[in-house]
Amino acid sequence: MILRSITEHVKQQNWFAVVLDFLIVVVGILIAFQITSWNESRQDRHAEQRYLAELARDLEADIVEIQTAKRLSLSSLAISELVLETSAPDYKRPSFWPVIEEEVAPEESLLQYPYSALVTRPYLISTNSTFEELIQSGSISVLSNRTLVSDLTKFYKDLRENTNDEKALHNQTNITMNYFNDLGIGLGDSATLDTLQALAIKDTQFLGRVKSIAFFSNWQYLRLNRIESDAATLLSTINAEREDKL
């Protein structure tokens, strides 16, 4: 319709009308682009809110898992240190690590089974499905806070590195479990702390294992504590973003 009108006006050499027709076309195209852009922006903001909600849900699940893992690490550390109180009274936690602020005490359910508590090593499995979807689908660009994107990338990178470290710790745990097997000790065997302390005094190999368990439990707890702090900070940032974009 517009093209026919332009053609007629050119034939008539009505240049004012020709210019007016062109302006109508250009304005129409600009309006169409603006509407398309507005619709895409609205869809992106809707998608951003959905992804932020799912990221928050994943982080909440991670924090619960981390807190459970921390309790297991503290129990292992507590029991190993109770053994060392008598068998290695000069033992101290490494001074190059931060002080553990919360109480280091074993869970009551593990006190009856100290062998199991010594080698129980938490294995953190992250709920990272939303972040992986954002990366693999190329939808990460819908998150408008680029600092948040950077922090999320670093957080999940740290979790992957933690998984690799946990695999190394499990290898150490397997060595101790094999040592227990050689002594005829099962992880389901009950024992008193006195029994473990006497064994550590008598058997220097067992004493060394307990010292290593204390070291690795301390290290793992501090690492998990830092990851939990990072997760809580990210969760706070994401919730603030969600509120800001409502």
# chains A, B, ... in the order shown; residues from 1 in each chain; ligands from 1

call {"tool": "residues_around", "arguments": {"residues": "Leu224 in chain A", "least_positions_apart": "2", "cutoff": "8 Å", "atoms": "only C-alpha atoms", "output": "PDB file with N, CA, C and O atoms, in the first residue's frame"}}
result
ATOM      1  N   ILE A  66      25.874 -28.103  53.301  1.00  0.00           N
ATOM      2  CA  ILE A  66      27.150 -27.662  53.863  1.00  0.00           C
ATOM      3  C   ILE A  66      27.118 -27.732  55.386  1.00  0.00           C
ATOM      4  O   ILE A  66      28.086 -28.168  56.029  1.00  0.00           O
ATOM      5  N   ALA A  69      27.517 -31.247  56.448  1.00  0.00           N
ATOM      6  CA  ALA A  69      28.911 -31.664  56.257  1.00  0.00           C
ATOM      7  C   ALA A  69      29.812 -31.071  57.336  1.00  0.00           C
ATOM      8  O   ALA A  69      30.735 -31.732  57.827  1.00  0.00           O
ATOM      9  N   LYS A  70      29.559 -29.829  57.709  1.00  0.00           N
ATOM     10  CA  LYS A  70      30.352 -29.194  58.767  1.00  0.00           C
ATOM     11  C   LYS A  70      30.204 -29.946  60.088  1.00  0.00           C
ATOM     12  O   LYS A  70      31.188 -30.137  60.818  1.00  0.00           O
ATOM     13  N   GLN A 220      38.968 -29.456  56.501  1.00  0.00           N
ATOM     14  CA  GLN A 220      37.711 -29.562  55.759  1.00  0.00           C
ATOM     15  C   GLN A 220      36.631 -28.673  56.368  1.00  0.00           C
ATOM     16  O   GLN A 220      35.871 -28.025  55.643  1.00  0.00           O
ATOM     17  N   TYR A 221      36.568 -28.629  57.689  1.00  0.00           N
ATOM     18  CA  TYR A 221      35.580 -27.773  58.334  1.00  0.00           C
ATOM     19  C   TYR A 221      35.785 -26.312  57.933  1.00  0.00           C
ATOM     20  O   TYR A 221      34.826 -25.608  57.590  1.00  0.00           O
ATOM     21  N   LEU A 222      37.019 -25.838  57.996  1.00  0.00           N
ATOM     22  CA  LEU A 222      37.290 -24.435  57.667  1.00  0.00           C
ATOM     23  C   LEU A 222      36.954 -24.128  56.213  1.00  0.00           C
ATOM     24  O   LEU A 222      36.434 -23.057  55.897  1.00  0.00           O
ATOM     25  N   ARG A 226      33.977 -21.517  54.925  1.00  0.00           N
ATOM     26  CA  ARG A 226      34.158 -20.424  53.958  1.00  0.00           C
ATOM     27  C   ARG A 226      33.153 -20.547  52.818  1.00  0.00           C
ATOM     28  O   ARG A 226      32.563 -19.544  52.380  1.00  0.00           O
ATOM     29  N   ILE A 227      32.928 -21.763  52.334  1.00  0.00           N
ATOM     30  CA  ILE A 227      31.969 -21.969  51.248  1.00  0.00           C
ATOM     31  C   ILE A 227      30.561 -21.590  51.704  1.00  0.00           C
ATOM     32  O   ILE A 227      29.802 -20.967  50.956  1.00  0.00           O
ATOM     33  N   GLU A 228      30.225 -21.940  52.942  1.00  0.00           N
ATOM     34  CA  GLU A 228      28.907 -21.579  53.460  1.00  0.00           C
ATOM     35  C   GLU A 228      28.750 -20.058  53.538  1.00  0.00           C
ATOM     36  O   GLU A 228      27.699 -19.513  53.194  1.00  0.00           O
TER      37      GLU A 228
END

call {"tool": "closest_atom_pairs", "arguments": {"of": "range 53-81 of chain A", "to": "range 192-213 of chain A", "cutoff": "12 Å", "atoms": "only C-alpha atoms", "output": "Markdown table"}}
result
| residue | atom | partner | partner_atom | distance |
| --- | --- | --- | --- | --- |
| A:Ser73 | CA | A:Ile213 | CA | 9.8 |
| A:Leu74 | CA | A:Ile213 | CA | 11.1 |
| A:Ser75 | CA | A:Ile213 | CA | 11.1 |
| A:Ser76 | CA | A:Ile213 | CA | 7.4 |
| A:Leu77 | CA | A:Ile213 | CA | 7.1 |
| A:Ala78 | CA | A:Ile213 | CA | 10.2 |
| A:Ile79 | CA | A:Leu193 | CA | 8.1 |
| A:Ser80 | CA | A:Val210 | CA | 5.7 |
| A:Glu81 | CA | A:Lys211 | CA | 8.1 |

call {"tool": "closest_residue", "arguments": {"among": "A:Asp189, A:Glu85, A:Glu132, A:Glu108", "to": "Arg71 in chain A", "atoms": "only C-alpha atoms"}}
result
A:Glu108

call {"tool": "atom_distance", "arguments": {"atom1": "CA of Asn174 in chain A", "atom2": "CA of Leu82 in chain A"}}
result
21.8 Å

call {"tool": "select_by_dssp", "arguments": {"residues": "range 2-216 of chain A", "states": "helix (DSSP H, G or I)", "output": "ChimeraX atom specification"}}
result
/A:2-11,15-87,108-111,114-119,129-137,139-142,146-182,193-202,204-216
